[in-house]
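A.B. asks: Structure file input_31.json (JSON, C-alpha atoms) right here:
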```
[["chain", "number", "residue", "atom", "x", "y", "z"],
["K", 24, "MET", "CA", -138.52, 46.92, 80.95],
["K", 25, "ALA", "CA", -135.84, 44.40, 81.84],
["K", 26, "GLU", "CA", -132.29, 45.72, 81.92],
["K", 27, "PRO", "CA", -130.47, 43.92, 79.10],
["K", 28, "LEU", "CA", -126.99, 45.02, 80.16],
["K", 29, "LEU", "CA", -124.65, 43.67, 82.81],
["K", 30, "TYR", "CA", -124.20, 45.23, 86.24],
["K", 31, "SER", "CA", -127.64, 46.89, 86.27],
["K", 32, "ASP", "CA", -128.45, 45.99, 89.85],
["K", 33, "LEU", "CA", -125.02, 46.99, 91.20],
["K", 34, "THR", "CA", -123.96, 50.42, 92.35],
["K", 35, "LEU", "CA", -121.54, 52.10, 89.98],
["K", 36, "GLU", "CA", -118.76, 51.58, 92.53],
["K", 37, "ASP", "CA", -119.49, 47.85, 92.79],
["K", 38, "ALA", "CA", -119.93, 47.55, 89.02],
["K", 39, "LEU", "CA", -116.49, 49.08, 88.45],
["K", 40, "HIS", "CA", -114.92, 46.57, 90.84],
["K", 41, "GLN", "CA", -116.80, 43.71, 89.16],
["K", 42, "PHE", "CA", -115.88, 44.93, 85.68],
["K", 43, "ARG", "CA", -112.18, 44.98, 86.65],
["K", 44, "GLU", "CA", -112.43, 41.53, 88.17],
["K", 45, "ASP", "CA", -114.32, 40.12, 85.17],
["K", 46, "ASN", "CA", -111.70, 41.49, 82.79],
["K", 47, "GLY", "CA", -108.56, 40.76, 84.82],
["K", 48, "LEU", "CA", -107.73, 44.43, 85.36],
["K", 49, "ASN", "CA", -107.20, 44.49, 89.14],
["K", 50, "THR", "CA", -103.44, 43.96, 88.96],
["K", 51, "LYS", "CA", -103.08, 46.58, 86.24],
["K", 52, "TYR", "CA", -104.91, 49.14, 88.38],
["K", 53, "ARG", "CA", -102.80, 48.34, 91.44],
["K", 54, "ASP", "CA", -99.61, 48.99, 89.46],
["K", 55, "MET", "CA", -100.74, 52.36, 88.05],
["K", 56, "ARG", "CA", -100.04, 55.82, 89.35],
["K", 57, "LYS", "CA", -103.06, 57.60, 90.86],
["K", 58, "THR", "CA", -103.45, 59.96, 87.87],
["K", 59, "ALA", "CA", -103.57, 57.01, 85.47],
["K", 60, "GLN", "CA", -106.00, 55.12, 87.71],
["K", 61, "GLU", "CA", -108.39, 58.09, 87.56],
["K", 62, "HIS", "CA", -108.26, 58.30, 83.76],
["K", 63, "PHE", "CA", -108.63, 54.57, 83.20],
["K", 64, "GLU", "CA", -111.43, 54.40, 85.76],
["K", 65, "ARG", "CA", -113.35, 57.09, 83.85],
["K", 66, "HIS", "CA", -112.87, 55.05, 80.70],
["K", 67, "ASP", "CA", -114.06, 51.88, 82.45],
["K", 68, "ILE", "CA", -117.19, 53.68, 83.64],
["K", 69, "ILE", "CA", -118.10, 54.12, 79.97],
["K", 70, "HIS", "CA", -117.70, 50.37, 79.47],
["K", 71, "VAL", "CA", -120.00, 49.68, 82.42],
["K", 72, "LEU", "CA", -122.68, 52.25, 81.58],
["K", 73, "PHE", "CA", -122.87, 51.43, 77.88],
["K", 74, "GLY", "CA", -122.51, 47.65, 78.31],
["K", 75, "LEU", "CA", -119.23, 47.24, 76.45],
["K", 76, "ASP", "CA", -116.61, 44.54, 76.86],
["K", 77, "THR", "CA", -112.86, 44.92, 76.42],
["K", 78, "SER", "CA", -112.56, 43.50, 72.90],
["K", 79, "MET", "CA", -110.67, 45.78, 70.54],
["K", 80, "ARG", "CA", -113.85, 46.72, 68.64],
["K", 81, "GLN", "CA", -115.74, 47.58, 71.80],
["K", 82, "GLU", "CA", -112.76, 49.54, 73.13],
["K", 83, "ALA", "CA", -113.11, 51.65, 69.99],
["K", 84, "GLN", "CA", -116.85, 51.96, 70.62],
["K", 85, "ALA", "CA", -116.16, 53.05, 74.21],
["K", 86, "ASP", "CA", -114.02, 55.83, 72.78],
["K", 87, "GLY", "CA", -116.92, 56.80, 70.50],
["K", 88, "TRP", "CA", -119.34, 56.98, 73.43],
["K", 89, "THR", "CA", -116.74, 58.98, 75.34],
["K", 90, "LEU", "CA", -116.43, 61.50, 72.51],
["K", 91, "PHE", "CA", -120.15, 61.86, 71.82],
["K", 92, "GLY", "CA", -121.80, 60.92, 75.12],
["K", 93, "THR", "CA", -119.65, 62.70, 77.68],
["K", 94, "ASP", "CA", -118.38, 66.20, 78.30],
["K", 95, "ILE", "CA", -114.73, 65.15, 77.85],
["K", 96, "SER", "CA", -112.47, 68.00, 76.74],
["K", 97, "ILE", "CA", -109.57, 68.03, 74.30],
["K", 98, "GLY", "CA", -107.33, 68.64, 77.31],
["K", 99, "ASP", "CA", -108.66, 65.48, 78.99],
["K", 100, "ILE", "CA", -107.99, 63.48, 75.82],
["K", 101, "LYS", "CA", -104.47, 64.87, 75.53],
["K", 102, "ALA", "CA", -103.77, 64.15, 79.21],
["K", 103, "PHE", "CA", -104.94, 60.56, 78.70],
["K", 104, "PHE", "CA", -102.64, 60.00, 75.71],
["K", 105, "ASP", "CA", -99.75, 61.61, 77.57],
["K", 106, "LEU", "CA", -99.93, 59.04, 80.38],
["K", 107, "PRO", "CA", -96.99, 56.61, 80.37],
["K", 108, "GLU", "CA", -99.47, 53.82, 81.16],
["K", 109, "GLU", "CA", -101.50, 54.63, 78.02],
["K", 110, "LYS", "CA", -98.35, 54.81, 75.90],
["K", 111, "GLU", "CA", -97.25, 51.44, 77.28],
["K", 112, "LEU", "CA", -100.66, 49.93, 76.51],
["K", 113, "ILE", "CA", -100.52, 51.19, 72.92],
["K", 114, "GLU", "CA", -97.00, 49.83, 72.58],
["K", 115, "ASP", "CA", -98.06, 46.43, 73.96],
["K", 116, "ILE", "CA", -100.98, 46.14, 71.53],
["K", 117, "GLY", "CA", -99.17, 47.76, 68.62],
["K", 118, "TRP", "CA", -100.08, 50.67, 66.38],
["K", 119, "TRP", "CA", -101.08, 48.54, 63.42],
["K", 120, "PRO", "CA", -103.73, 46.41, 65.24],
["K", 121, "ILE", "CA", -105.11, 49.57, 66.86],
["K", 122, "THR", "CA", -105.23, 51.41, 63.54],
["K", 123, "LYS", "CA", -107.01, 48.48, 61.84],
["K", 124, "THR", "CA", -109.55, 48.23, 64.64],
["K", 125, "TYR", "CA", -110.35, 51.93, 64.65],
["K", 126, "PHE", "CA", -110.60, 51.98, 60.87],
["K", 127, "ARG", "CA", -113.06, 49.06, 60.98],
["K", 128, "ALA", "CA", -114.97, 50.78, 63.79],
["K", 129, "PHE", "CA", -115.25, 54.04, 61.85],
["K", 130, "PRO", "CA", -118.89, 53.36, 60.83],
["K", 131, "ASP", "CA", -119.67, 52.77, 64.52],
["K", 132, "TYR", "CA", -118.74, 56.38, 65.26],
["K", 133, "PHE", "CA", -121.45, 57.68, 62.93],
["K", 134, "ARG", "CA", -123.97, 55.37, 64.58],
["K", 135, "ILE", "CA", -122.81, 56.35, 68.07],
["K", 136, "ALA", "CA", -122.87, 60.07, 67.21],
["K", 137, "TRP", "CA", -126.45, 59.68, 65.96],
["K", 138, "LYS", "CA", -127.57, 57.56, 68.93],
["K", 139, "SER", "CA", -125.90, 59.87, 71.45],
["K", 140, "ARG", "CA", -128.47, 62.52, 70.50],
["K", 141, "LYS", "CA", -131.03, 60.38, 72.35],
["K", 142, "LEU", "CA", -129.19, 60.79, 75.64],
["K", 143, "ARG", "CA", -131.06, 62.98, 78.11],
["K", 144, "LYS", "CA", -127.75, 64.54, 79.12],
["K", 145, "LYS", "CA", -124.06, 63.87, 78.69],
["K", 146, "TRP", "CA", -122.14, 61.93, 81.31],
["K", 147, "LYS", "CA", -119.66, 64.06, 83.23],
["K", 148, "TRP", "CA", -116.16, 62.80, 82.44],
["K", 149, "ALA", "CA", -114.92, 64.15, 85.78],
["K", 150, "GLY", "CA", -116.82, 65.12, 88.89],
["K", 151, "ASN", "CA", -119.18, 62.15, 88.91],
["K", 152, "ARG", "CA", -118.39, 60.87, 92.43],
["K", 153, "ALA", "CA", -122.00, 61.40, 93.55],
["K", 154, "TYR", "CA", -123.06, 58.63, 91.17],
["K", 155, "ARG", "CA", -120.85, 55.97, 92.79],
["K", 156, "SER", "CA", -123.59, 54.94, 95.21],
["K", 157, "LYS", "CA", -126.38, 54.86, 92.59],
["K", 158, "THR", "CA", -127.25, 51.70, 90.74],
["K", 159, "VAL", "CA", -126.11, 51.38, 87.16],
["K", 160, "ALA", "CA", -129.77, 50.90, 86.14],
["K", 161, "ALA", "CA", -130.74, 54.21, 87.79],
["K", 162, "ILE", "CA", -127.88, 56.03, 86.06],
["K", 163, "ARG", "CA", -128.83, 54.53, 82.70],
["K", 164, "ARG", "CA", -132.42, 55.70, 83.22],
["K", 165, "GLU", "CA", -131.38, 59.20, 84.31],
["K", 166, "PHE", "CA", -129.13, 59.72, 81.28],
["K", 167, "GLY", "CA", -131.31, 57.85, 78.77],
["K", 168, "ILE", "CA", -128.56, 55.38, 77.97],
["K", 169, "LEU", "CA", -130.82, 52.43, 77.18],
["K", 170, "ARG", "CA", -132.94, 54.68, 74.95],
["K", 171, "ALA", "CA", -129.76, 55.76, 73.13],
["K", 172, "LEU", "CA", -128.57, 52.18, 72.75],
["K", 173, "GLY", "CA", -131.96, 50.94, 71.51]]
```
Would it be possible to restate this file's structure as structure tokens?
C.D. replies:
Amino acid sequence: MAEPLLYSDLTLEDALHQFREDNGLNTKYRDMRKTAQEHFERHDIIHVLFGLDTSMRQEAQADGWTLFGTDISIGDIKAFFDLPEEKELIEDIGWWPITKTYFRAFPDYFRIAWKSRKLRKKWKWAGNRAYRSKTVAAIRREFGILRALG
């Protein structure tokens, strides 16, 4: 089966670098504190693995896959929202556009919750360093991501 999603032939590490470059995020990452870099990197991994871009709607979908397809904890979510960099991002975009997008994406969460049941296992939100040298295609196969997306 041909891999329909971007970055399939790259290692996760290389895919993350390419994703940042493709979306103009390199400067943002350089200017972040280490704690924020780690949180945003975990979020970007979801974009890479599930083939999502950085449009507002797909940002909302990335959050859905994070909630239903990873082992993220409430503490991790709280820590993410407590980051000054996340607060600044929300302020830059604005609460109203974010609220509208997430409201429109609400049906996506039901679909994602249902599809996430097809995953072979949940992605580890933290402690996934060992996967950095594996190809994105191999990770997608191991976790059943393409099956869940299909």
A.B. asks: Mind giving me the straight-line distance from atom CA of Met79 of chain K to atom CA of Phe104 of chain K in Å, one decimal?
C.D. replies: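 About the pair atom CA of Met79 of chain K and atom CA of Phe104 of chain K: they are 17.1 Å apart.
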A.B. asks: Determine the nearest neighbour of Lys157 of chain K from the options K:Leu48, K:Leu72, K:Gly173, K:Lys145, counting only C-alpha atoms.
C.D. replies: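 Counting only C-alpha atoms, the residue closest to Lys157 of chain K is K:Leu72.
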A.B. asks: Mind checking which residues fall within 12 Å of Ser31 of chain K, counting only C-alpha atoms, ignoring those fewer than 3 positions away in the same chain, and posting them as a ChimeraX atom specification?
C.D. replies: /K:25-28,34-39,41-42,71-74,157-164,168-169
A.B. asks: Return the single residue from K:Ser96, K:Arg152, K:Thr77, K:Leu106 that is closest to Gly47 of chain K, with distances computed using all atoms listed in the file.
C.D. replies: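 Ranking K:Ser96, K:Arg152, K:Thr77, K:Leu106 by distance to Gly47 of chain K, first place goes to K:Thr77.
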A.B. asks: Just the residues within 9 Å of segment 125-137 of chain K, please, counting all atoms listed in the file, with nothing from its chain fewer than 4 positions along; format it as a count of residues only.
C.D. replies: 16
A.B. asks: Quick check, in Å to one decimal: how far apart do atom CA of Glu109 of chain K and atom CA of Gly150 of chain K lie?
C.D. replies: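 Separating atom CA of Glu109 of chain K from atom CA of Gly150 of chain K is a distance of 21.5 Å.
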A.B. asks: Could you give me, as a Markdown table, every segment 81-170 of chain K residue with an atom at most 7 Å from segment 61-69 of chain K, plus its closest atom pair and distance in Å to one decimal, counting all atoms listed in the file, rows ordered by chain then number?
C.D. replies:
```
| residue | atom | partner | partner_atom | distance |
| --- | --- | --- | --- | --- |
| K:Ala85 | CA | K:Ile69 | CA | 6.2 |
| K:Thr89 | CA | K:Ile69 | CA | 6.8 |
| K:Phe103 | CA | K:His62 | CA | 6.5 |
| K:Trp148 | CA | K:Arg65 | CA | 6.5 |
```
A.B. asks: Could the residues in this selection be written to a file with C-alpha atoms, as a tab-separated table (two decimals), in the frame of the given file?
C.D. replies:
```
chain	number	residue	atom	x	y	z
K	85	ALA	CA	-116.16	53.05	74.21
K	89	THR	CA	-116.74	58.98	75.34
K	103	PHE	CA	-104.94	60.56	78.70
K	148	TRP	CA	-116.16	62.80	82.44
```
A.B. asks: Out of K:Leu33, K:Phe166, K:Asn46, K:Gly117, which residue has the shortest atom-to-atom distance to Ser78 of chain K when counting only C-alpha atoms?
C.D. replies: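 Checking each of K:Leu33, K:Phe166, K:Asn46, K:Gly117 against Ser78 of chain K, counting only C-alpha atoms, the winner is K:Asn46.
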A.B. asks: Could you check the closest approach to Asp54 of chain K for each of K:Glu108, K:Thr122, K:Leu29, K:Asp115 and tell me which residue wins, using only C-alpha atoms?
C.D. replies: K:Glu108
A.B. asks: For Ala102 of chain K, which of K:Ala59, K:Leu75, K:Leu142, K:Ile116 is the closest residue, counting all atoms listed in the file?
C.D. replies: K:Ala59
A.B. asks: Provide segment 88-107 of chain K rebuilt to N, CA and C atoms, formatted as an mmCIF file, in the coordinates of the input.
C.D. replies:
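Just written: rebuild-v2.cif:
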```
data_model
loop_
_atom_site.group_PDB
_atom_site.id
_atom_site.type_symbol
_atom_site.label_atom_id
_atom_site.label_comp_id
_atom_site.auth_asym_id
_atom_site.auth_seq_id
_atom_site.Cartn_x
_atom_site.Cartn_y
_atom_site.Cartn_z
ATOM 1 N N TRP K 88 -118.386 56.503 72.420
ATOM 2 C CA TRP K 88 -119.340 56.980 73.430
ATOM 3 C C TRP K 88 -118.718 58.061 74.303
ATOM 4 N N THR K 89 -117.421 57.941 74.561
ATOM 5 C CA THR K 89 -116.740 58.980 75.340
ATOM 6 C C THR K 89 -116.767 60.302 74.589
ATOM 7 N N LEU K 90 -116.459 60.266 73.314
ATOM 8 C CA LEU K 90 -116.430 61.500 72.510
ATOM 9 C C LEU K 90 -117.804 62.140 72.369
ATOM 10 N N PHE K 91 -118.829 61.320 72.134
ATOM 11 C CA PHE K 91 -120.150 61.860 71.820
ATOM 12 C C PHE K 91 -121.141 61.846 72.994
ATOM 13 N N GLY K 92 -120.854 61.050 74.020
ATOM 14 C CA GLY K 92 -121.800 60.920 75.120
ATOM 15 C C GLY K 92 -121.341 61.474 76.445
ATOM 16 N N THR K 93 -120.153 62.099 76.446
ATOM 17 C CA THR K 93 -119.650 62.700 77.680
ATOM 18 C C THR K 93 -119.220 64.141 77.389
ATOM 19 N N ASP K 94 -118.865 64.827 78.451
ATOM 20 C CA ASP K 94 -118.380 66.200 78.300
ATOM 21 C C ASP K 94 -116.847 66.267 78.297
ATOM 22 N N ILE K 95 -116.197 65.192 77.872
ATOM 23 C CA ILE K 95 -114.730 65.150 77.850
ATOM 24 C C ILE K 95 -114.193 66.321 77.005
ATOM 25 N N SER K 96 -113.085 66.875 77.456
ATOM 26 C CA SER K 96 -112.470 68.000 76.740
ATOM 27 C C SER K 96 -111.252 67.509 75.955
ATOM 28 N N ILE K 97 -110.803 68.329 75.048
ATOM 29 C CA ILE K 97 -109.570 68.030 74.300
ATOM 30 C C ILE K 97 -108.404 67.890 75.279
ATOM 31 N N GLY K 98 -108.379 68.724 76.300
ATOM 32 C CA GLY K 98 -107.330 68.640 77.310
ATOM 33 C C GLY K 98 -107.337 67.306 78.034
ATOM 34 N N ASP K 99 -108.546 66.790 78.344
ATOM 35 C CA ASP K 99 -108.660 65.480 78.990
ATOM 36 C C ASP K 99 -108.120 64.380 78.074
ATOM 37 N N ILE K 100 -108.452 64.482 76.790
ATOM 38 C CA ILE K 100 -107.990 63.480 75.820
ATOM 39 C C ILE K 100 -106.468 63.520 75.722
ATOM 40 N N LYS K 101 -105.922 64.714 75.623
ATOM 41 C CA LYS K 101 -104.470 64.870 75.530
ATOM 42 C C LYS K 101 -103.793 64.315 76.782
ATOM 43 N N ALA K 102 -104.348 64.640 77.955
ATOM 44 C CA ALA K 102 -103.770 64.150 79.210
ATOM 45 C C ALA K 102 -103.780 62.622 79.250
ATOM 46 N N PHE K 103 -104.836 62.018 78.732
ATOM 47 C CA PHE K 103 -104.940 60.560 78.700
ATOM 48 C C PHE K 103 -103.839 59.960 77.825
ATOM 49 N N PHE K 104 -103.664 60.525 76.632
ATOM 50 C CA PHE K 104 -102.640 60.000 75.710
ATOM 51 C C PHE K 104 -101.221 60.304 76.172
ATOM 52 N N ASP K 105 -101.069 61.282 77.041
ATOM 53 C CA ASP K 105 -99.750 61.610 77.570
ATOM 54 C C ASP K 105 -99.323 60.699 78.723
ATOM 55 N N LEU K 106 -100.256 59.927 79.259
ATOM 56 C CA LEU K 106 -99.930 59.040 80.380
ATOM 57 C C LEU K 106 -98.957 57.945 79.938
ATOM 58 N N PRO K 107 -97.905 57.712 80.703
ATOM 59 C CA PRO K 107 -96.990 56.610 80.370
ATOM 60 C C PRO K 107 -97.716 55.263 80.302
#
```
